[in-house]
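**Student:** Below is a structure I'd like to ask you about.
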Amino acid sequence: MSLNRRKFLKKSAVTGAGVALAGAVAAPAATAAEAKKGGKPVKRYSLTVMGTTDLHGHVFNWDYFKDAEYKDTAGNAQGLARISTLVNAVRKEKGRGNTLLLDAGDTIQGTPLTYYYAKVDPITAKGGPVHPMAQAMNAIGYDAVALGNHEFNYGIETLRKFEEQCRFPLLGANALDAKTLKPAFPPYFMKTFHVKGAPPVKVAVLGLTNPGIAIWDKAYVQGKLTFPGLEEQAAKWVPKLRSMGADVVVVSAHSGSSGTSSYGDQLPYVENSAALVAQQVPGIDAILVGHAHVEIPELKVTNTATGKTVVLSEPLAYAERLSLFDFELVLEKGKWTVESVAASVRNSNSVVDDPKITKLLKDEHDVVVAYVNQVVGTATETLTTVEARYKDAAIIDLITKVQEDVVKAALVGTEYASLPVIAQASPFSRTSEIPAGNVTIRDLSSLYVYDNTLVAKVMTGAQVRAYLEYSANYFVRTAADAVIDTAKLTNANNRPDYNYDYVSGLRYDIDIAQAEGARIKNLTYNGAALDDAQQFVLAVNNYRANGGGAFPHVASATEVWAESTEIRTRIAEWVTAKGSLNPAEFASVDWKLTRDGTPVF
């Protein structure tokens, strides 16, 4: 192992409930400008807050699944090495002493790089490595980072070790200890900017995370942590920050701005509530938005209590964008007030990698590239997800077959061993391909991009039918005589691909000419019409099992088995054990799209 991966990094001190760095900045550039107003000089100060979000382990502009530089049709570039170059430019432009750098969460999950240092060479091992994301973000000089929901994917021990390795605080005002209901992480961070010839400017950053963690990572957090709503906790903390002398209050929120939730009414808190926070909680100047993976250069929301404008910005995920909040402050009666805020984004594709970050993490990157390129078997033919959204694809059947086999083996000797096992899987990616010939870990990882684990739930035939009907809402209602455009056939009501499920072991048609709730036709099991009373064991990923996507019945169904090994790992083990990947052993056409009974394809 390379020495730089073992280096010791000091953690920033945590003071009280939050993190305070008083008098931390005294920059020559931080001089108040003076302008005449009514014959009297008026002191002004300019401050820039930079922000990223949903980095998901992207250090370099590299696609580990394709073993090549990352490319997309929009010309985007990814990675913290690019962000570092952008940040350096902004600091040079504005004066480093007049800037703050934040992130809105989802940092340590999402690429083989982050998986490797959580599971293969874990940071939690004695004398283990320093997490690549901690190394990169420390080197770039982040001031504070909000917790994302994916921070909890590897368990609390891994998250705490990552926290220990960071030179910045991980903030979560609504991540509470389940027993004491006190913050389990620092709620806020405060930084004082000393301004020559004027009083200092105090900037408070409140960190908020996503309530959905209680569902999505239930196995790790239940009974340990609780996650109340963002609006409620912001309303509690913002007045405290103002009373502590904050001149500027910025919220870093791992929560989108749409006001919607993917988990329905399973939680009393809104998943994407950043705009609601801006609207309902007085005293906030700006919100760095995360979680939704959309680009919002600037969104202005009026606070209903004060009538003041709150400025929101969400940079694109994977380090493709950097948000900038440019604050103009004015000194009035001895106190700084925010006169204006303007938000914008800068594009990572406009710069090259910072060589400092490249040098720092080349060893880790090379280790992971070698790992994902290990050959674990051979495929008799090429398998792809290109049409998997609207045709039963063999590559998705591979996932369900692996899940069925794992659960069947796990239930041997239990009272549930006699029940038939069915399985769900989603077409996560539209570009995954397992090529004919040698099959590597990266080929299989690209098929299952999430770190989901496997759960077994007991469901009745009637519940499975309702589950399939809900899944079928993914398709846009299409008349029998309409021209089929596959680009417009799916994602009805903005439902993402990962919330459309195949279910193996059954046969059924999805009639997309019918209204929602009446689309599943000819549903059979073992050649006979499905018996509503028949019991099945559903092999299901933990996201869905805990209510992700709000599929009916599954969250409340009896759980008979669960494990912590990733489904992706199970697929690699299955292929390694077989040595050969032959669709004849796992693929079958179980479902098809129809219109008024006539097949679409």
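Convention: chains lettered A, B, ... in structure tokens order; per-chain residue numbering from 1; ligands numbered from 1 as shown.
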What lies within 10 Å of segment 332-339 of chain A using only C-alpha atoms, ignoring chain neighbours under 2 positions off, as a PDB file with all heavy atoms, in the first residue's frame?

**Tutor:**
ATOM      1  N   VAL A  42     -20.285  54.786   3.132  1.00  0.00           N
ATOM      2  CA  VAL A  42     -20.953  53.533   3.477  1.00  0.00           C
ATOM      3  C   VAL A  42     -19.964  52.393   3.246  1.00  0.00           C
ATOM      4  O   VAL A  42     -19.386  52.275   2.166  1.00  0.00           O
ATOM      5  CB  VAL A  42     -22.222  53.319   2.614  1.00  0.00           C
ATOM      6  CG1 VAL A  42     -22.851  51.970   2.929  1.00  0.00           C
ATOM      7  CG2 VAL A  42     -23.212  54.439   2.841  1.00  0.00           C
ATOM      8  N   LYS A  43     -19.774  51.580   4.251  1.00  0.00           N
ATOM      9  CA  LYS A  43     -18.850  50.453   4.107  1.00  0.00           C
ATOM     10  C   LYS A  43     -19.586  49.243   3.527  1.00  0.00           C
ATOM     11  O   LYS A  43     -20.694  48.919   3.952  1.00  0.00           O
ATOM     12  CB  LYS A  43     -18.245  50.097   5.466  1.00  0.00           C
ATOM     13  CG  LYS A  43     -17.241  51.142   5.965  1.00  0.00           C
ATOM     14  CD  LYS A  43     -16.458  50.635   7.143  1.00  0.00           C
ATOM     15  CE  LYS A  43     -15.485  51.692   7.669  1.00  0.00           C
ATOM     16  NZ  LYS A  43     -14.390  51.931   6.722  1.00  0.00           N
ATOM     17  N   ARG A  44     -18.929  48.582   2.580  1.00  0.00           N
ATOM     18  CA  ARG A  44     -19.497  47.404   1.934  1.00  0.00           C
ATOM     19  C   ARG A  44     -18.485  46.267   1.963  1.00  0.00           C
ATOM     20  O   ARG A  44     -17.284  46.509   2.052  1.00  0.00           O
ATOM     21  CB  ARG A  44     -19.874  47.710   0.472  1.00  0.00           C
ATOM     22  CG  ARG A  44     -20.960  48.754   0.345  1.00  0.00           C
ATOM     23  CD  ARG A  44     -21.351  48.963  -1.124  1.00  0.00           C
ATOM     24  NE  ARG A  44     -22.364  49.997  -1.224  1.00  0.00           N
ATOM     25  CZ  ARG A  44     -23.662  49.799  -1.006  1.00  0.00           C
ATOM     26  NH1 ARG A  44     -24.086  48.589  -0.700  1.00  0.00           N
ATOM     27  NH2 ARG A  44     -24.516  50.793  -1.101  1.00  0.00           N
ATOM     28  N   TYR A  45     -19.001  45.072   1.856  1.00  0.00           N
ATOM     29  CA  TYR A  45     -18.124  43.900   1.834  1.00  0.00           C
ATOM     30  C   TYR A  45     -18.721  42.853   0.904  1.00  0.00           C
ATOM     31  O   TYR A  45     -19.931  42.606   0.924  1.00  0.00           O
ATOM     32  CB  TYR A  45     -17.960  43.317   3.249  1.00  0.00           C
ATOM     33  CG  TYR A  45     -17.130  42.062   3.292  1.00  0.00           C
ATOM     34  CD1 TYR A  45     -15.789  42.084   2.908  1.00  0.00           C
ATOM     35  CD2 TYR A  45     -17.673  40.848   3.710  1.00  0.00           C
ATOM     36  CE1 TYR A  45     -15.015  40.931   2.939  1.00  0.00           C
ATOM     37  CE2 TYR A  45     -16.907  39.693   3.752  1.00  0.00           C
ATOM     38  CZ  TYR A  45     -15.584  39.743   3.356  1.00  0.00           C
ATOM     39  OH  TYR A  45     -14.813  38.606   3.377  1.00  0.00           O
ATOM     40  N   SER A  46     -17.849  42.245   0.088  1.00  0.00           N
ATOM     41  CA  SER A  46     -18.283  41.194  -0.837  1.00  0.00           C
ATOM     42  C   SER A  46     -17.770  39.839  -0.362  1.00  0.00           C
ATOM     43  O   SER A  46     -16.590  39.696  -0.045  1.00  0.00           O
ATOM     44  CB  SER A  46     -17.757  41.467  -2.251  1.00  0.00           C
ATOM     45  OG  SER A  46     -18.251  42.700  -2.728  1.00  0.00           O
ATOM     46  N   ALA A 198     -13.446  47.734   9.714  1.00  0.00           N
ATOM     47  CA  ALA A 198     -14.881  47.526   9.959  1.00  0.00           C
ATOM     48  C   ALA A 198     -15.050  46.352  10.914  1.00  0.00           C
ATOM     49  O   ALA A 198     -14.115  45.565  11.115  1.00  0.00           O
ATOM     50  CB  ALA A 198     -15.612  47.251   8.648  1.00  0.00           C
ATOM     51  N   PRO A 199     -16.232  46.196  11.501  1.00  0.00           N
ATOM     52  CA  PRO A 199     -16.467  45.032  12.351  1.00  0.00           C
ATOM     53  C   PRO A 199     -16.358  43.738  11.533  1.00  0.00           C
ATOM     54  O   PRO A 199     -16.544  43.755  10.309  1.00  0.00           O
ATOM     55  CB  PRO A 199     -17.913  45.236  12.847  1.00  0.00           C
ATOM     56  CG  PRO A 199     -18.214  46.670  12.621  1.00  0.00           C
ATOM     57  CD  PRO A 199     -17.407  47.094  11.447  1.00  0.00           C
ATOM     58  N   PRO A 200     -16.072  42.607  12.176  1.00  0.00           N
ATOM     59  CA  PRO A 200     -15.994  41.341  11.436  1.00  0.00           C
ATOM     60  C   PRO A 200     -17.360  40.893  10.928  1.00  0.00           C
ATOM     61  O   PRO A 200     -18.393  41.313  11.452  1.00  0.00           O
ATOM     62  CB  PRO A 200     -15.450  40.359  12.479  1.00  0.00           C
ATOM     63  CG  PRO A 200     -15.824  40.956  13.792  1.00  0.00           C
ATOM     64  CD  PRO A 200     -15.798  42.443  13.610  1.00  0.00           C
ATOM     65  N   VAL A 201     -17.334  40.044   9.905  1.00  0.00           N
ATOM     66  CA  VAL A 201     -18.554  39.454   9.352  1.00  0.00           C
ATOM     67  C   VAL A 201     -18.628  38.008   9.834  1.00  0.00           C
ATOM     68  O   VAL A 201     -17.702  37.223   9.620  1.00  0.00           O
ATOM     69  CB  VAL A 201     -18.554  39.503   7.804  1.00  0.00           C
ATOM     70  CG1 VAL A 201     -19.750  38.743   7.243  1.00  0.00           C
ATOM     71  CG2 VAL A 201     -18.548  40.939   7.304  1.00  0.00           C
ATOM     72  N   LYS A 202     -19.743  37.662  10.474  1.00  0.00           N
ATOM     73  CA  LYS A 202     -19.928  36.290  10.964  1.00  0.00           C
ATOM     74  C   LYS A 202     -20.897  35.550  10.039  1.00  0.00           C
ATOM     75  O   LYS A 202     -22.027  35.994   9.831  1.00  0.00           O
ATOM     76  CB  LYS A 202     -20.466  36.295  12.391  1.00  0.00           C
ATOM     77  CG  LYS A 202     -19.471  36.809  13.416  1.00  0.00           C
ATOM     78  CD  LYS A 202     -20.022  36.764  14.826  1.00  0.00           C
ATOM     79  CE  LYS A 202     -19.993  35.361  15.406  1.00  0.00           C
ATOM     80  NZ  LYS A 202     -20.388  35.340  16.837  1.00  0.00           N
ATOM     81  N   GLY A 245     -25.058  36.050  16.717  1.00  0.00           N
ATOM     82  CA  GLY A 245     -24.377  37.126  16.008  1.00  0.00           C
ATOM     83  C   GLY A 245     -24.117  36.888  14.542  1.00  0.00           C
ATOM     84  O   GLY A 245     -23.346  37.617  13.915  1.00  0.00           O
ATOM     85  N   ALA A 246     -24.753  35.846  13.965  1.00  0.00           N
ATOM     86  CA  ALA A 246     -24.545  35.581  12.537  1.00  0.00           C
ATOM     87  C   ALA A 246     -25.089  36.729  11.685  1.00  0.00           C
ATOM     88  O   ALA A 246     -26.260  37.094  11.806  1.00  0.00           O
ATOM     89  CB  ALA A 246     -25.217  34.271  12.141  1.00  0.00           C
ATOM     90  N   ASP A 247     -24.231  37.282  10.842  1.00  0.00           N
ATOM     91  CA  ASP A 247     -24.651  38.329   9.905  1.00  0.00           C
ATOM     92  C   ASP A 247     -25.226  37.719   8.632  1.00  0.00           C
ATOM     93  O   ASP A 247     -26.066  38.315   7.959  1.00  0.00           O
ATOM     94  CB  ASP A 247     -23.456  39.223   9.536  1.00  0.00           C
ATOM     95  CG  ASP A 247     -22.826  39.888  10.743  1.00  0.00           C
ATOM     96  OD1 ASP A 247     -23.535  40.636  11.438  1.00  0.00           O
ATOM     97  OD2 ASP A 247     -21.637  39.617  11.005  1.00  0.00           O
ATOM     98  N   VAL A 248     -24.733  36.537   8.312  1.00  0.00           N
ATOM     99  CA  VAL A 248     -25.177  35.810   7.118  1.00  0.00           C
ATOM    100  C   VAL A 248     -25.527  34.387   7.554  1.00  0.00           C
ATOM    101  O   VAL A 248     -24.760  33.762   8.285  1.00  0.00           O
ATOM    102  CB  VAL A 248     -24.071  35.761   6.039  1.00  0.00           C
ATOM    103  CG1 VAL A 248     -24.519  34.955   4.820  1.00  0.00           C
ATOM    104  CG2 VAL A 248     -23.643  37.165   5.629  1.00  0.00           C
ATOM    105  N   VAL A 249     -26.681  33.868   7.098  1.00  0.00           N
ATOM    106  CA  VAL A 249     -27.042  32.475   7.367  1.00  0.00           C
ATOM    107  C   VAL A 249     -27.240  31.743   6.039  1.00  0.00           C
ATOM    108  O   VAL A 249     -28.100  32.114   5.231  1.00  0.00           O
ATOM    109  CB  VAL A 249     -28.319  32.357   8.225  1.00  0.00           C
ATOM    110  CG1 VAL A 249     -28.750  30.896   8.336  1.00  0.00           C
ATOM    111  CG2 VAL A 249     -28.084  32.934   9.619  1.00  0.00           C
ATOM    112  N   ASP A 285     -30.468  33.475   4.277  1.00  0.00           N
ATOM    113  CA  ASP A 285     -30.094  34.280   3.114  1.00  0.00           C
ATOM    114  C   ASP A 285     -29.956  33.452   1.840  1.00  0.00           C
ATOM    115  O   ASP A 285     -30.300  33.916   0.758  1.00  0.00           O
ATOM    116  CB  ASP A 285     -28.776  35.011   3.396  1.00  0.00           C
ATOM    117  CG  ASP A 285     -28.902  35.998   4.544  1.00  0.00           C
ATOM    118  OD1 ASP A 285     -29.725  36.926   4.427  1.00  0.00           O
ATOM    119  OD2 ASP A 285     -28.209  35.822   5.563  1.00  0.00           O
ATOM    120  N   PHE A 327     -22.436  37.417  -2.313  1.00  0.00           N
ATOM    121  CA  PHE A 327     -23.129  38.259  -1.333  1.00  0.00           C
ATOM    122  C   PHE A 327     -22.546  39.668  -1.352  1.00  0.00           C
ATOM    123  O   PHE A 327     -21.324  39.835  -1.389  1.00  0.00           O
ATOM    124  CB  PHE A 327     -22.948  37.703   0.087  1.00  0.00           C
ATOM    125  CG  PHE A 327     -23.661  36.416   0.362  1.00  0.00           C
ATOM    126  CD1 PHE A 327     -23.116  35.195  -0.017  1.00  0.00           C
ATOM    127  CD2 PHE A 327     -24.871  36.409   1.035  1.00  0.00           C
ATOM    128  CE1 PHE A 327     -23.758  34.004   0.253  1.00  0.00           C
ATOM    129  CE2 PHE A 327     -25.533  35.218   1.307  1.00  0.00           C
ATOM    130  CZ  PHE A 327     -24.973  34.014   0.912  1.00  0.00           C
ATOM    131  N   GLU A 328     -23.419  40.648  -1.293  1.00  0.00           N
ATOM    132  CA  GLU A 328     -23.000  42.031  -1.069  1.00  0.00           C
ATOM    133  C   GLU A 328     -23.567  42.459   0.273  1.00  0.00           C
ATOM    134  O   GLU A 328     -24.783  42.410   0.478  1.00  0.00           O
ATOM    135  CB  GLU A 328     -23.503  42.951  -2.188  1.00  0.00           C
ATOM    136  CG  GLU A 328     -22.930  42.638  -3.570  1.00  0.00           C
ATOM    137  CD  GLU A 328     -21.416  42.808  -3.641  1.00  0.00           C
ATOM    138  OE1 GLU A 328     -20.878  43.656  -2.880  1.00  0.00           O
ATOM    139  OE2 GLU A 328     -20.767  42.087  -4.421  1.00  0.00           O
ATOM    140  N   LEU A 329     -22.679  42.845   1.183  1.00  0.00           N
ATOM    141  CA  LEU A 329     -23.102  43.273   2.516  1.00  0.00           C
ATOM    142  C   LEU A 329     -22.852  44.767   2.687  1.00  0.00           C
ATOM    143  O   LEU A 329     -21.900  45.316   2.102  1.00  0.00           O
ATOM    144  CB  LEU A 329     -22.347  42.498   3.606  1.00  0.00           C
ATOM    145  CG  LEU A 329     -22.766  41.052   3.835  1.00  0.00           C
ATOM    146  CD1 LEU A 329     -22.137  40.116   2.827  1.00  0.00           C
ATOM    147  CD2 LEU A 329     -22.392  40.615   5.247  1.00  0.00           C
ATOM    148  N   VAL A 330     -23.683  45.384   3.497  1.00  0.00           N
ATOM    149  CA  VAL A 330     -23.522  46.813   3.784  1.00  0.00           C
ATOM    150  C   VAL A 330     -23.556  47.000   5.298  1.00  0.00           C
ATOM    151  O   VAL A 330     -24.296  46.308   6.008  1.00  0.00           O
ATOM    152  CB  VAL A 330     -24.614  47.651   3.071  1.00  0.00           C
ATOM    153  CG1 VAL A 330     -26.007  47.267   3.568  1.00  0.00           C
ATOM    154  CG2 VAL A 330     -24.373  49.142   3.248  1.00  0.00           C
ATOM    155  N   VAL A 341     -27.941  38.988  -2.921  1.00  0.00           N
ATOM    156  CA  VAL A 341     -27.312  37.690  -3.173  1.00  0.00           C
ATOM    157  C   VAL A 341     -27.613  37.311  -4.614  1.00  0.00           C
ATOM    158  O   VAL A 341     -28.761  37.381  -5.051  1.00  0.00           O
ATOM    159  CB  VAL A 341     -27.870  36.574  -2.250  1.00  0.00           C
ATOM    160  CG1 VAL A 341     -27.077  35.282  -2.453  1.00  0.00           C
ATOM    161  CG2 VAL A 341     -27.856  36.990  -0.801  1.00  0.00           C
TER     162      VAL A 341
END

**Student:** Check segment 280-424 of chain A with DSSP on the backbone and list each residue it calls strand (DSSP E or B), as a ChimeraX atom specification.

**Tutor:** /A:286-289,296-302,309-314,321-332,335-347,375-379,383-384,421-424

**Student:** With only C-alpha atoms as the counted atoms, please give the residues lying no more than 8 Å from Gln109 of chain A, apart from itself and same-chain residues fewer than 6 positions off, as a ChimeraX atom specification.

**Tutor:** /A:56-57,115,150-151,153,451

**Student:** Please, what distance in Å, to one decimal, runs between atom CA of Ser556 of chain A and atom CA of Ser471 of chain A?

**Tutor:** 17.2 Å

**Student:** What's the 8 Å shell around Glu298 of chain A, counting only C-alpha atoms, without same-chain residues fewer than 4 positions away, as an MDAnalysis selection string?

**Tutor:** chainID A and resid 311:314 342:344

**Student:** Using only C-alpha atoms, find each residue of segment 125-226 of chain A with at least one atom at most 8 Å away from an atom of segment 71-86 of chain A; report its shortest atom-to-atom pair and that distance in Å (one decimal), sort the rows by chain and rising residue number, and return the result as a Markdown table.

**Tutor:**
| residue | atom | partner | partner_atom | distance |
| --- | --- | --- | --- | --- |
| A:Ala136 | CA | A:Leu80 | CA | 7.1 |
| A:Met137 | CA | A:Leu80 | CA | 7.8 |
| A:Ile140 | CA | A:Ser84 | CA | 5.8 |

**Student:** Kindly export the residues of the current selection with N, CA, C and O atoms, as an mmCIF file, in the first residue's frame.

**Tutor:**
data_model
loop_
_atom_site.group_PDB
_atom_site.id
_atom_site.type_symbol
_atom_site.label_atom_id
_atom_site.label_comp_id
_atom_site.auth_asym_id
_atom_site.auth_seq_id
_atom_site.Cartn_x
_atom_site.Cartn_y
_atom_site.Cartn_z
ATOM 1 N N ALA A 136 -9.080 14.265 -0.815
ATOM 2 C CA ALA A 136 -9.306 15.285 -1.845
ATOM 3 C C ALA A 136 -9.947 16.536 -1.267
ATOM 4 O O ALA A 136 -9.513 17.660 -1.552
ATOM 5 N N MET A 137 -10.975 16.348 -0.451
ATOM 6 C CA MET A 137 -11.707 17.509 0.067
ATOM 7 C C MET A 137 -10.884 18.276 1.104
ATOM 8 O O MET A 137 -10.980 19.503 1.197
ATOM 9 N N ILE A 140 -8.450 20.337 -1.038
ATOM 10 C CA ILE A 140 -9.115 21.469 -1.701
ATOM 11 C C ILE A 140 -9.473 22.545 -0.685
ATOM 12 O O ILE A 140 -9.494 23.735 -1.005
#

**Student:** When you look at Thr440 of chain A with a cut-off of 12 Å (counting only C-alpha atoms), what residues show up, excluding the ones that are within fewer than 3 positions of it in the same chain? I need them as a VMD selection string.

**Tutor:** chain A and resid 64 to 67 369 to 379 433 to 437 443 to 447 571 to 573 575 to 576 579 to 581
